[in-house]
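> I am sharing query29.csv, which consists of CSV, C-alpha atoms and all ligand atoms:
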```csv
chain,number,residue,atom,x,y,z
A,1,MET,CA,-10.1,-33.6,-34.1
A,2,LYS,CA,-12.2,-35.3,-31.5
A,3,PRO,CA,-14.6,-33.6,-29.0
A,4,ALA,CA,-14.0,-33.5,-25.3
A,5,PRO,CA,-16.0,-36.2,-23.4
A,6,PHE,CA,-19.7,-35.5,-23.0
A,7,ASP,CA,-23.0,-37.1,-21.9
A,8,TYR,CA,-26.0,-37.2,-24.2
A,9,ILE,CA,-29.8,-37.4,-23.7
A,10,ALA,CA,-32.4,-37.6,-26.4
A,11,LEU,CA,-35.5,-35.6,-25.3
A,12,ASN,CA,-39.1,-36.1,-26.5
A,13,SER,CA,-41.0,-33.0,-25.6
A,14,ILE,CA,-40.7,-29.3,-25.0
A,15,GLU,CA,-41.3,-29.9,-21.3
A,16,GLU,CA,-38.4,-32.4,-21.2
A,17,ILE,CA,-36.2,-29.9,-22.9
A,18,THR,CA,-37.0,-27.0,-20.5
A,19,SER,CA,-36.6,-29.3,-17.5
A,20,ALA,CA,-33.2,-30.5,-18.8
A,21,LEU,CA,-32.0,-26.9,-19.5
A,22,ASN,CA,-33.0,-26.0,-15.9
A,23,GLU,CA,-31.1,-28.9,-14.5
A,24,TYR,CA,-27.9,-28.6,-16.6
A,25,GLY,CA,-27.8,-24.8,-17.5
A,26,ASP,CA,-24.5,-23.6,-18.9
A,27,ASP,CA,-23.0,-27.1,-19.0
A,28,ALA,CA,-25.5,-28.3,-21.6
A,29,LYS,CA,-25.9,-27.5,-25.3
A,30,ILE,CA,-28.9,-28.2,-27.4
A,31,LEU,CA,-28.2,-30.5,-30.4
A,32,ALA,CA,-30.4,-29.7,-33.4
A,33,GLY,CA,-28.8,-30.3,-36.9
A,34,GLY,CA,-25.3,-30.4,-35.4
A,35,GLN,CA,-23.9,-28.6,-38.4
A,36,SER,CA,-22.3,-25.8,-36.4
A,37,LEU,CA,-22.2,-27.4,-32.9
A,38,VAL,CA,-20.4,-30.6,-33.8
A,39,PRO,CA,-17.5,-28.9,-35.8
A,40,ALA,CA,-17.1,-26.4,-32.9
A,41,MET,CA,-16.9,-29.4,-30.4
A,42,ASN,CA,-14.5,-31.2,-32.7
A,43,PHE,CA,-12.2,-28.2,-32.6
A,44,ARG,CA,-12.8,-28.0,-28.9
A,45,LEU,CA,-14.0,-24.4,-29.2
A,46,LEU,CA,-17.0,-25.7,-27.3
A,47,GLN,CA,-16.8,-28.3,-24.6
A,48,PRO,CA,-20.3,-28.9,-23.2
A,49,THR,CA,-20.5,-31.8,-20.7
A,50,MET,CA,-24.1,-32.6,-21.7
A,51,LEU,CA,-25.8,-32.7,-25.2
A,52,LEU,CA,-29.6,-32.4,-25.2
A,53,ASP,CA,-30.7,-33.9,-28.5
A,54,ILE,CA,-34.1,-32.3,-29.6
A,55,ASN,CA,-34.4,-34.1,-32.9
A,56,ASN,CA,-37.3,-36.3,-31.6
A,57,VAL,CA,-39.4,-33.2,-30.6
A,58,SER,CA,-41.7,-33.1,-33.7
A,59,LYS,CA,-43.8,-30.3,-32.0
A,60,LEU,CA,-40.9,-28.0,-32.9
A,61,ASP,CA,-41.0,-29.0,-36.6
A,62,TYR,CA,-43.7,-27.1,-38.6
A,63,VAL,CA,-44.4,-24.3,-41.1
A,64,LYS,CA,-47.8,-22.8,-40.9
A,65,LEU,CA,-49.6,-19.6,-41.8
A,66,ASN,CA,-51.6,-18.2,-39.0
A,67,GLY,CA,-54.8,-16.5,-40.2
A,68,ASP,CA,-53.0,-15.2,-43.3
A,69,LYS,CA,-51.1,-12.7,-41.1
A,70,THR,CA,-48.0,-14.4,-39.6
A,71,LEU,CA,-45.9,-17.3,-40.8
A,72,LYS,CA,-44.9,-19.5,-37.9
A,73,ILE,CA,-41.9,-21.8,-38.3
A,74,GLY,CA,-40.9,-24.3,-35.6
A,75,ALA,CA,-37.2,-24.0,-34.6
A,76,LEU,CA,-36.5,-27.6,-35.5
A,77,THR,CA,-37.7,-27.1,-39.1
A,78,ARG,CA,-34.8,-28.2,-41.5
A,79,GLN,CA,-33.4,-25.5,-43.8
A,80,SER,CA,-34.2,-27.6,-46.8
A,81,THR,CA,-37.9,-27.8,-45.7
A,82,ILE,CA,-38.1,-24.0,-45.7
A,83,GLU,CA,-36.4,-23.9,-49.1
A,84,LYS,CA,-39.0,-26.1,-50.6
A,85,ASP,CA,-42.1,-24.9,-48.8
A,86,GLU,CA,-44.8,-23.6,-51.2
A,87,ILE,CA,-46.4,-21.1,-48.8
A,88,ILE,CA,-42.9,-19.6,-48.2
A,89,LYS,CA,-42.2,-19.5,-51.9
A,90,GLU,CA,-45.4,-17.7,-52.7
A,91,LYS,CA,-45.8,-15.3,-49.7
A,92,PHE,CA,-42.3,-14.9,-48.3
A,93,PRO,CA,-40.1,-14.7,-51.4
A,94,LEU,CA,-37.2,-13.0,-49.6
A,95,LEU,CA,-36.8,-16.1,-47.3
A,96,HIS,CA,-37.4,-18.4,-50.2
A,97,GLU,CA,-34.7,-16.8,-52.4
A,98,THR,CA,-32.2,-16.7,-49.6
A,99,MET,CA,-32.4,-20.3,-48.6
A,100,PRO,CA,-30.2,-21.8,-51.4
A,101,GLN,CA,-27.4,-19.4,-50.4
A,102,VAL,CA,-27.2,-20.9,-46.9
A,103,ALA,CA,-24.4,-23.5,-47.1
A,104,HIS,CA,-24.9,-26.6,-49.3
A,105,SER,CA,-27.9,-28.8,-49.8
A,106,GLN,CA,-26.4,-31.6,-47.7
A,107,ILE,CA,-26.0,-29.2,-44.8
A,108,ARG,CA,-29.5,-27.7,-45.3
A,109,ASN,CA,-30.9,-31.2,-45.1
A,110,ARG,CA,-29.8,-31.4,-41.4
A,111,GLY,CA,-29.4,-27.8,-40.4
A,112,THR,CA,-32.4,-26.2,-38.7
A,113,ILE,CA,-33.6,-22.6,-38.8
A,114,GLY,CA,-33.5,-22.5,-35.0
A,115,GLY,CA,-29.9,-23.8,-34.8
A,116,ASN,CA,-28.8,-21.3,-37.4
A,117,LEU,CA,-30.4,-18.3,-35.6
A,118,ALA,CA,-29.2,-19.5,-32.1
A,119,HIS,CA,-25.7,-19.9,-33.4
A,120,ALA,CA,-25.8,-16.2,-34.4
A,121,ASP,CA,-22.9,-16.2,-36.8
A,122,PRO,CA,-22.5,-12.6,-38.1
A,123,ALA,CA,-21.8,-14.1,-41.6
A,124,SER,CA,-25.1,-16.1,-41.6
A,125,GLU,CA,-27.8,-15.1,-44.0
A,126,LEU,CA,-30.9,-16.0,-41.9
A,127,PRO,CA,-30.4,-13.6,-39.0
A,128,ALA,CA,-30.1,-10.6,-41.4
A,129,VAL,CA,-33.1,-11.8,-43.4
A,130,CYS,CA,-35.2,-12.2,-40.2
A,131,ILE,CA,-34.3,-8.7,-39.1
A,132,ALA,CA,-35.2,-7.3,-42.5
A,133,MET,CA,-38.5,-9.1,-42.5
A,134,GLY,CA,-39.3,-7.9,-38.9
A,135,ALA,CA,-39.4,-11.4,-37.5
A,136,LYS,CA,-40.1,-12.1,-33.9
A,137,LEU,CA,-38.7,-15.1,-31.9
A,138,LYS,CA,-40.5,-17.2,-29.3
A,139,LEU,CA,-38.3,-18.3,-26.4
A,140,ILE,CA,-39.5,-20.9,-23.9
A,141,SER,CA,-38.2,-21.8,-20.5
A,142,LYS,CA,-39.7,-23.6,-17.5
A,143,GLU,CA,-40.9,-20.2,-16.2
A,144,GLY,CA,-43.0,-19.5,-19.4
A,145,GLU,CA,-42.4,-17.9,-22.8
A,146,ARG,CA,-41.4,-14.6,-24.2
A,147,ILE,CA,-41.6,-13.2,-27.7
A,148,ILE,CA,-38.9,-10.7,-28.8
A,149,PRO,CA,-38.0,-8.9,-32.0
A,150,SER,CA,-35.2,-10.6,-33.9
A,151,SER,CA,-33.3,-7.3,-33.8
A,152,GLU,CA,-33.1,-7.7,-30.0
A,153,PHE,CA,-32.3,-11.4,-30.1
A,154,PHE,CA,-28.9,-10.9,-31.9
A,155,GLN,CA,-26.5,-9.3,-29.5
A,156,GLY,CA,-23.2,-9.7,-31.3
A,157,MET,CA,-20.8,-12.4,-32.6
A,158,PHE,CA,-22.2,-15.8,-31.6
A,159,PHE,CA,-24.1,-14.1,-28.9
A,160,THR,CA,-27.9,-13.9,-28.4
A,161,SER,CA,-30.3,-12.9,-25.7
A,162,LEU,CA,-31.2,-16.6,-25.0
A,163,GLU,CA,-30.8,-17.4,-21.3
A,164,PRO,CA,-29.1,-20.7,-20.5
A,165,ASN,CA,-32.5,-22.1,-19.4
A,166,GLU,CA,-34.3,-21.1,-22.6
A,167,ILE,CA,-34.9,-22.7,-26.0
A,168,LEU,CA,-35.7,-20.9,-29.2
A,169,ALA,CA,-39.0,-22.5,-30.1
A,170,GLU,CA,-40.6,-20.5,-33.0
A,171,ILE,CA,-39.9,-17.9,-35.6
A,172,GLN,CA,-42.8,-15.6,-36.4
A,173,ILE,CA,-42.7,-13.6,-39.6
A,174,PRO,CA,-45.3,-11.0,-40.5
A,175,ILE,CA,-46.7,-11.3,-44.0
A,176,PRO,CA,-45.1,-8.6,-46.3
A,177,THR,CA,-47.3,-5.7,-47.2
A,178,GLU,CA,-48.8,-5.7,-50.7
A,179,HIS,CA,-46.6,-2.9,-51.9
A,180,SER,CA,-43.3,-4.2,-50.8
A,181,GLY,CA,-40.3,-5.4,-52.8
A,182,PHE,CA,-37.2,-7.2,-51.6
A,183,SER,CA,-33.8,-8.5,-52.7
A,184,PHE,CA,-31.1,-10.6,-51.1
A,185,MET,CA,-27.6,-10.3,-52.5
A,186,GLU,CA,-24.3,-11.7,-51.4
A,187,PHE,CA,-20.9,-12.3,-52.7
A,188,SER,CA,-18.9,-15.4,-51.8
A,189,ARG,CA,-15.8,-17.0,-53.3
A,190,ARG,CA,-17.6,-20.2,-54.2
A,191,ARG,CA,-21.3,-21.1,-54.1
A,192,GLY,CA,-22.1,-22.4,-50.6
A,193,ASP,CA,-19.2,-20.6,-48.9
A,194,TYR,CA,-20.0,-18.1,-46.2
A,195,ALA,CA,-20.4,-14.7,-47.9
A,196,LEU,CA,-17.7,-12.1,-47.9
A,197,MET,CA,-20.5,-9.6,-47.7
A,198,GLY,CA,-24.3,-9.7,-48.1
A,199,VAL,CA,-27.4,-7.5,-47.8
A,200,ALA,CA,-31.1,-8.0,-47.4
A,201,ALA,CA,-33.1,-5.1,-48.7
A,202,VAL,CA,-36.8,-4.5,-48.3
A,203,VAL,CA,-38.7,-1.4,-49.5
A,204,VAL,CA,-42.4,-0.4,-49.4
A,205,LEU,CA,-43.8,2.1,-52.0
A,206,ASP,CA,-46.9,4.2,-52.1
A,207,LYS,CA,-49.2,4.6,-55.1
A,208,ASN,CA,-46.8,7.1,-56.6
A,209,ASN,CA,-43.9,4.7,-56.2
A,210,ASN,CA,-42.4,6.8,-53.4
A,211,CYS,CA,-40.6,4.8,-50.7
A,212,THR,CA,-42.5,4.8,-47.4
A,213,GLU,CA,-40.4,2.2,-45.6
A,214,ALA,CA,-37.0,0.6,-46.1
A,215,LYS,CA,-34.7,-1.8,-44.4
A,216,LEU,CA,-31.1,-2.6,-45.3
A,217,VAL,CA,-29.5,-5.4,-43.2
A,218,TYR,CA,-25.9,-6.6,-43.8
A,219,LEU,CA,-24.1,-9.8,-43.0
A,220,ASN,CA,-20.4,-10.3,-42.4
A,221,ALA,CA,-20.3,-6.6,-41.9
A,222,GLY,CA,-19.3,-6.3,-38.2
A,223,ASP,CA,-19.6,-7.9,-34.8
A,224,GLY,CA,-23.2,-8.9,-35.6
A,225,GLN,CA,-25.8,-8.2,-38.3
A,226,VAL,CA,-25.8,-4.5,-39.2
A,227,ASP,CA,-29.2,-2.8,-39.6
A,228,ALA,CA,-28.2,0.3,-41.6
A,229,LYS,CA,-30.8,2.7,-40.5
A,230,LYS,CA,-29.1,5.9,-41.8
A,231,ALA,CA,-28.7,4.5,-45.3
A,232,ALA,CA,-32.3,3.2,-45.3
A,233,SER,CA,-33.6,6.6,-44.1
A,234,VAL,CA,-32.3,8.5,-47.2
A,235,LEU,CA,-34.7,6.3,-49.3
A,236,GLY,CA,-37.8,7.7,-47.4
A,237,GLY,CA,-40.1,9.7,-49.7
A,238,GLU,CA,-37.9,9.0,-52.8
A,239,LYS,CA,-38.5,7.3,-56.1
A,240,SER,CA,-36.2,4.8,-57.6
A,241,SER,CA,-33.0,6.4,-59.1
A,242,PRO,CA,-29.4,5.4,-59.6
A,243,ASP,CA,-28.2,8.5,-57.6
A,244,LEU,CA,-30.4,7.5,-54.7
A,245,PHE,CA,-29.0,4.0,-54.6
A,246,ILE,CA,-25.4,5.3,-54.9
A,247,GLU,CA,-26.0,7.6,-51.9
A,248,ALA,CA,-27.6,4.7,-49.8
A,249,GLY,CA,-24.7,2.4,-50.8
A,250,ARG,CA,-22.1,5.1,-49.9
A,251,ILE,CA,-23.6,5.7,-46.4
A,252,ALA,CA,-24.0,2.1,-45.5
A,253,SER,CA,-20.6,1.0,-46.7
A,254,GLU,CA,-18.6,4.0,-45.4
A,255,GLU,CA,-20.5,5.0,-42.3
A,256,GLU,CA,-22.5,2.1,-40.9
A,257,ILE,CA,-20.9,-1.2,-41.5
A,258,ASP,CA,-17.7,-2.2,-39.7
A,259,PRO,CA,-16.3,-5.3,-41.4
A,260,PHE,CA,-13.2,-7.0,-40.0
A,261,GLY,CA,-11.6,-8.2,-43.2
A,262,ASN,CA,-10.0,-11.7,-43.4
A,263,VAL,CA,-7.6,-13.7,-45.5
A,264,HIS,CA,-10.0,-13.6,-48.5
A,265,ALA,CA,-11.1,-9.9,-48.4
A,266,SER,CA,-9.6,-6.7,-47.0
A,267,THR,CA,-12.0,-4.4,-45.1
A,268,SER,CA,-11.9,-1.9,-48.0
A,269,TYR,CA,-12.9,-4.7,-50.4
A,270,GLN,CA,-15.8,-5.7,-48.1
A,271,ARG,CA,-16.9,-2.0,-48.0
A,272,HIS,CA,-16.7,-1.9,-51.8
A,273,LEU,CA,-18.8,-5.1,-52.0
A,274,ALA,CA,-21.4,-3.6,-49.6
A,275,ASN,CA,-21.7,-0.5,-51.7
A,276,ILE,CA,-22.2,-2.3,-55.0
A,277,LEU,CA,-24.5,-5.0,-53.5
A,278,THR,CA,-26.7,-2.2,-51.9
A,279,GLN,CA,-27.1,-0.5,-55.3
A,280,ARG,CA,-28.0,-3.7,-57.0
A,281,ALA,CA,-30.3,-4.9,-54.3
A,282,LEU,CA,-32.2,-1.6,-54.1
A,283,LYS,CA,-32.7,-1.5,-57.8
A,284,ILE,CA,-34.4,-4.9,-57.8
A,285,ALA,CA,-36.4,-4.3,-54.6
A,286,PHE,CA,-37.8,-1.0,-56.0
A,287,GLU,CA,-38.6,-2.7,-59.3
A,288,ARG,CA,-40.4,-5.6,-57.6
A,289,ALA,CA,-42.4,-3.2,-55.3
A,290,ALA,CA,-43.4,-1.0,-58.3
A,291,LYS,CA,-44.6,-4.0,-60.3
A,292,LYS,CA,-46.8,-5.1,-57.4
A,293,GLU,CA,-48.2,-1.6,-57.1
A,294,GLN,CA,-49.0,-1.7,-60.8
A,295,ASN,CA,-50.7,-5.1,-60.6
A,296,HIS,CA,-52.7,-3.9,-57.6
A,297,ASP,CA,-54.3,-0.9,-59.5
B,301,LIG,C1,-19.4,-26.4,-44.5
B,301,LIG,C2,-20.5,-25.6,-43.8
B,301,LIG,C3,-20.9,-24.4,-44.5
B,301,LIG,C4,-21.9,-23.6,-44.0
B,301,LIG,N1,-22.2,-22.5,-44.6
B,301,LIG,C5,-23.2,-21.7,-44.1
B,301,LIG,C6,-23.6,-20.5,-44.8
B,301,LIG,O1,-23.1,-20.2,-45.9
B,301,LIG,N2,-24.5,-19.7,-44.2
B,301,LIG,C7,-25.1,-20.1,-43.0
B,301,LIG,O2,-25.9,-19.3,-42.5
B,301,LIG,N3,-24.7,-21.2,-42.3
B,301,LIG,C8,-23.8,-22.0,-42.8
B,301,LIG,N4,-23.4,-23.1,-42.2
B,301,LIG,C9,-24.1,-23.4,-40.9
B,301,LIG,C10,-25.4,-24.2,-41.0
B,301,LIG,O3,-26.4,-23.3,-41.6
B,301,LIG,C11,-25.9,-24.7,-39.7
B,301,LIG,O4,-26.9,-25.7,-40.0
B,301,LIG,C12,-26.5,-23.8,-38.7
B,301,LIG,O5,-25.7,-22.7,-38.4
B,301,LIG,C13,-26.8,-24.5,-37.4
B,301,LIG,O6,-28.0,-25.2,-37.4
B,301,LIG,P1,-28.0,-26.6,-36.8
B,301,LIG,O7,-29.5,-27.0,-36.7
B,301,LIG,O8,-27.1,-27.6,-37.4
B,301,LIG,O9,-27.6,-26.3,-35.2
B,301,LIG,P2,-26.6,-27.0,-34.3
B,301,LIG,O10,-25.3,-27.1,-34.9
B,301,LIG,O11,-27.2,-28.3,-33.7
B,301,LIG,O12,-26.6,-25.9,-33.1
B,301,LIG,C14,-26.0,-24.7,-33.3
B,301,LIG,C15,-26.0,-23.9,-32.0
B,301,LIG,O13,-27.4,-23.5,-31.7
B,301,LIG,C16,-27.9,-24.1,-30.5
B,301,LIG,N5,-29.2,-24.5,-30.7
B,301,LIG,C17,-29.7,-25.3,-31.7
B,301,LIG,N6,-31.0,-25.2,-31.8
B,301,LIG,C18,-31.4,-24.5,-30.7
B,301,LIG,C19,-32.7,-24.0,-30.3
B,301,LIG,N7,-33.8,-24.4,-30.8
B,301,LIG,N8,-32.8,-23.2,-29.2
B,301,LIG,C20,-31.6,-22.8,-28.6
B,301,LIG,N9,-30.4,-23.1,-29.0
B,301,LIG,C21,-30.3,-23.9,-30.1
B,301,LIG,C22,-26.9,-25.2,-30.2
B,301,LIG,O14,-26.9,-25.5,-28.8
B,301,LIG,C23,-25.6,-24.7,-30.7
B,301,LIG,O15,-25.0,-23.8,-29.8
B,301,LIG,C24,-22.5,-24.0,-42.7
B,301,LIG,C25,-22.1,-25.2,-42.0
B,301,LIG,C26,-21.1,-26.0,-42.6
B,301,LIG,C27,-20.7,-27.2,-41.9
```
Any chance you could put this one into structure tokens?


Amino acid sequence: MKPAPFDYIALNSIEEITSALNEYGDDAKILAGGQSLVPAMNFRLLQPTMLLDINNVSKLDYVKLNGDKTLKIGALTRQSTIEKDEIIKEKFPLLHETMPQVAHSQIRNRGTIGGNLAHADPASELPAVCIAMGAKLKLISKEGERIIPSSEFFQGMFFTSLEPNEILAEIQIPIPTEHSGFSFMEFSRRRGDYALMGVAAVVVLDKNNNCTEAKLVYLNAGDGQVDAKKAASVLGGEKSSPDLFIEAGRIASEEEIDPFGNVHASTSYQRHLANILTQRALKIAFERAAKKEQNHD
């Protein structure tokens, strides 16, 4: 397939991007890694008349720790850079462990974190992980900037709260608390395929290993990422136990997610996967948090 005709400009600064977005609005699409946009154009699912190439804007390509409190990642940072970054490996292990499960290394070499999030595929790993980590997103337009929680950014399938004149510029991730544990689990038919089901789990324990905070966020589980608050709430005040994890898995898989099913998996199979992945992810997240609590004493 070939795309519909389009014009192309390569931009060199954030100011040039916001001016161009103002000028072309809905007719334009930002070109980052092109790993989702170009296939969609080739299938003519998207027919922008203007492509705004942001690959020269090096000011959007960085990973830095701000005062040991917040990780800041520029939207143009390649997925492979995030995968290999030593700060992320040490201090943000949930993100580090998830990266190899996003597509294939060739795609991660071009694909950017901003493009992945702006694309808002419900089956993508990174939106779910950003919500689980409490990430915030910085959006910039000619009028100024706004910072919003990632949970508000994702509005549904391929749909975000980005306005046509805004660019996603930065991802801000708070450093995990000392007593937290995490796990990311997904099931796909082949390594690198989009997952049939996946979950990002984060728990925080107190000194007695009782859970004080929990997050369970699912991918490919409905119209968008599913933040399973009811299942997470049953963990509050509790210690690690198989019965607890079975109950959380049951609530999330039966009451909270709403998977569509596809040629590879029925909805009941997706619910089954969510249930099992939840139990496994929580076991690991609790173990990791308890180990940190022990090391801390
Ligand atoms: C074979 C294959 C398998 C894949 N498997 C997976 C997978 O398992 N998991 C997964 O998560 N992804 C997967 N992907 C998608 C991949 O992660 C893409 O890299 C990513 O979704 C898009 O990033 P990109 O930088 O290539 O964005 P692009 O394709 O350039 O852009 C995607 C969309 O985001 C917009 N956009 C880009 N950057 C910005 C910005 N800074 N601000 C505002 N809007 C912006 C574009 O206009 C476009 O609408 C796969 C892709 C392929 C081709």

> Segment 174-180 of chain A: which residues within 12 Å, counting only C-alpha atoms, same-chain residues fewer than 4 positions away excluded, as a PyMOL selection string?

chain A and resi 64-73+87-88+90-95+130-137+149+201-215+282+284-297

> With the cut-off set at 7 Å and counting only C-alpha atoms and all ligand atoms, tabulate each residue of chain A with an atom at most that distance from an atom of ligand LIG 301 (chain B), showing the nearest atom pair and its distance in Å to one decimal, ordered by chain and increasing number, as a tab-separated table.


```
residue	atom	partner	partner_atom	distance
A:Lys29	CA	B:LIG301	O14	4.2
A:Ile30	CA	B:LIG301	O14	3.6
A:Leu31	CA	B:LIG301	O11	4.1
A:Ala32	CA	B:LIG301	O11	3.5
A:Gly33	CA	B:LIG301	O8	3.2
A:Gly34	CA	B:LIG301	O11	3.3
A:Gln35	CA	B:LIG301	O8	3.5
A:Ser36	CA	B:LIG301	O10	3.6
A:Leu37	CA	B:LIG301	O10	3.7
A:Val38	CA	B:LIG301	O10	6.1
A:Ala75	CA	B:LIG301	N7	5.1
A:Leu76	CA	B:LIG301	N7	6.3
A:Gln101	CA	B:LIG301	O1	6.3
A:Val102	CA	B:LIG301	N2	4.0
A:Ala103	CA	B:LIG301	N1	3.5
A:His104	CA	B:LIG301	C3	6.6
A:Ile107	CA	B:LIG301	O4	6.0
A:Arg108	CA	B:LIG301	O4	6.2
A:Arg110	CA	B:LIG301	O8	6.1
A:Gly111	CA	B:LIG301	O4	3.3
A:Thr112	CA	B:LIG301	O7	3.6
A:Ile113	CA	B:LIG301	O6	6.3
A:Gly114	CA	B:LIG301	N7	4.6
A:Gly115	CA	B:LIG301	O9	3.4
A:Asn116	CA	B:LIG301	O5	3.5
A:Ala118	CA	B:LIG301	O13	4.4
A:His119	CA	B:LIG301	C15	4.2
A:Ala123	CA	B:LIG301	O2	6.7
A:Ser124	CA	B:LIG301	O2	3.4
A:Glu125	CA	B:LIG301	O2	4.8
A:Leu126	CA	B:LIG301	O2	6.0
A:Glu166	CA	B:LIG301	C20	6.8
A:Ile167	CA	B:LIG301	N8	3.9
A:Leu168	CA	B:LIG301	N8	3.7
A:Ala169	CA	B:LIG301	N7	5.6
A:Gly192	CA	B:LIG301	O1	5.3
A:Asp193	CA	B:LIG301	O1	4.9
A:Tyr194	CA	B:LIG301	O1	3.8
A:Ala195	CA	B:LIG301	O1	6.4
```

> Can you tell me how far atom CA of Glu254 of chain A sits from atom CA of Gly198 of chain A, in Å to one decimal?

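About the pair atom CA of Glu254 of chain A and atom CA of Gly198 of chain A: they are 15.1 Å apart.
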
> Residues proximal to (-27.7, -7.4, -41.0) were defined as those with any atom within 8 Å of that point in the file's coordinates, counting only C-alpha atoms. Which are they, as a list in words?

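Checked against the point, the hits come out as Pro122, Pro127, Ala128, Val129, Ile131, Ala132, Val199, Ala200, Leu216, Val217, Tyr218, Leu219, Asn220, Ala221, Gly224, Gln225, Val226, Asp227 and Ala228 of chain A.
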
> With a distance cut-off of 8 Å and only C-alpha atoms, select the neighbouring residues of Ala120 of chain A, excluding the residue or stretch itself and same-chain residues fewer than 6 positions from it, and output the selection as a list in words.

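Here the answer would be Pro127, Phe154, Gly156, Met157, Phe158, Phe159, Thr160 and Gly224 of chain A.
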
> Work out how far atom CA of Leu60 of chain A is from atom CA of Asn109 of chain A, in Å to one decimal.

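We find that atom CA of Asn109 of chain A and atom CA of Leu60 of chain A lie 16.1 Å from each other.
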
> Quick one, how far is atom CA of Pro100 of chain A from atom CA of Phe187 of chain A?

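Calculated distance between atom CA of Pro100 of chain A and atom CA of Phe187 of chain A is 13.4 Å.
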
> Have a look at A:Glu256, A:Thr77, A:Leu11, A:Pro5 and name the one nearest to Thr49 of chain A; count all atoms listed in the file.

A:Pro5

> Closest to His272 of chain A among A:Met197, A:Ser241, A:Thr18, A:Tyr8, using only C-alpha atoms?

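Of all the options, A:Met197 lies closest to His272 of chain A.
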
> Around the point (-11.6, -4.2, -45.1), in the coordinates given by the file, pick out the residues reaching within 12 Å, counting only C-alpha atoms, and return them as a PDB file with C-alpha atoms, in the frame of the given file.


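Result file follows (part_35.pdb):
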```pdb
ATOM      1  CA  LEU A 196     -17.700 -12.100 -47.900  1.00  0.00           C
ATOM      2  CA  MET A 197     -20.500  -9.600 -47.700  1.00  0.00           C
ATOM      3  CA  ASN A 220     -20.400 -10.300 -42.400  1.00  0.00           C
ATOM      4  CA  ALA A 221     -20.300  -6.600 -41.900  1.00  0.00           C
ATOM      5  CA  GLY A 222     -19.300  -6.300 -38.200  1.00  0.00           C
ATOM      6  CA  SER A 253     -20.600   1.000 -46.700  1.00  0.00           C
ATOM      7  CA  GLU A 254     -18.600   4.000 -45.400  1.00  0.00           C
ATOM      8  CA  ILE A 257     -20.900  -1.200 -41.500  1.00  0.00           C
ATOM      9  CA  ASP A 258     -17.700  -2.200 -39.700  1.00  0.00           C
ATOM     10  CA  PRO A 259     -16.300  -5.300 -41.400  1.00  0.00           C
ATOM     11  CA  PHE A 260     -13.200  -7.000 -40.000  1.00  0.00           C
ATOM     12  CA  GLY A 261     -11.600  -8.200 -43.200  1.00  0.00           C
ATOM     13  CA  ASN A 262     -10.000 -11.700 -43.400  1.00  0.00           C
ATOM     14  CA  VAL A 263      -7.600 -13.700 -45.500  1.00  0.00           C
ATOM     15  CA  HIS A 264     -10.000 -13.600 -48.500  1.00  0.00           C
ATOM     16  CA  ALA A 265     -11.100  -9.900 -48.400  1.00  0.00           C
ATOM     17  CA  SER A 266      -9.600  -6.700 -47.000  1.00  0.00           C
ATOM     18  CA  THR A 267     -12.000  -4.400 -45.100  1.00  0.00           C
ATOM     19  CA  SER A 268     -11.900  -1.900 -48.000  1.00  0.00           C
ATOM     20  CA  TYR A 269     -12.900  -4.700 -50.400  1.00  0.00           C
ATOM     21  CA  GLN A 270     -15.800  -5.700 -48.100  1.00  0.00           C
ATOM     22  CA  ARG A 271     -16.900  -2.000 -48.000  1.00  0.00           C
ATOM     23  CA  HIS A 272     -16.700  -1.900 -51.800  1.00  0.00           C
ATOM     24  CA  LEU A 273     -18.800  -5.100 -52.000  1.00  0.00           C
ATOM     25  CA  ALA A 274     -21.400  -3.600 -49.600  1.00  0.00           C
TER      26      ALA A 274
END
```

> As AutoDock Vina command-line options, please report the centre and edge lengths, rounded to one decimal in Å, of the axis-aligned box that holds all listed atoms of segment 246-257 of chain A with 8 Å of padding on each of the six sides.


```
--center_x -23.1 --center_y 3.2 --center_z -47.9 --size_x 25.0 --size_y 24.8 --size_z 30.0
```

> Near Val234 of chain A, counting only C-alpha atoms, which residues have an atom at most 10 Å away, once you skip same-chain residues fewer than 3 positions from it, shown as a compact mmCIF listing (two decimals) with C-alpha atoms, in the coordinates of the input?


```
# COMPACT_ATOMS: atom_id res chain seq x y z
CA CYS A 211 -40.60 4.80 -50.70
CA ALA A 214 -37.00 0.60 -46.10
CA LYS A 229 -30.80 2.70 -40.50
CA LYS A 230 -29.10 5.90 -41.80
CA ALA A 231 -28.70 4.50 -45.30
CA GLY A 237 -40.10 9.70 -49.70
CA GLU A 238 -37.90 9.00 -52.80
CA LEU A 244 -30.40 7.50 -54.70
CA PHE A 245 -29.00 4.00 -54.60
CA GLU A 247 -26.00 7.60 -51.90
CA ALA A 248 -27.60 4.70 -49.80
CA ILE A 251 -23.60 5.70 -46.40
```

> Point out the residue among A:Gln155, A:Gln172, A:Ser19, A:Ser80 with the least atom-to-atom distance to Ile140 of chain A, counting all atoms listed in the file.

A:Ser19
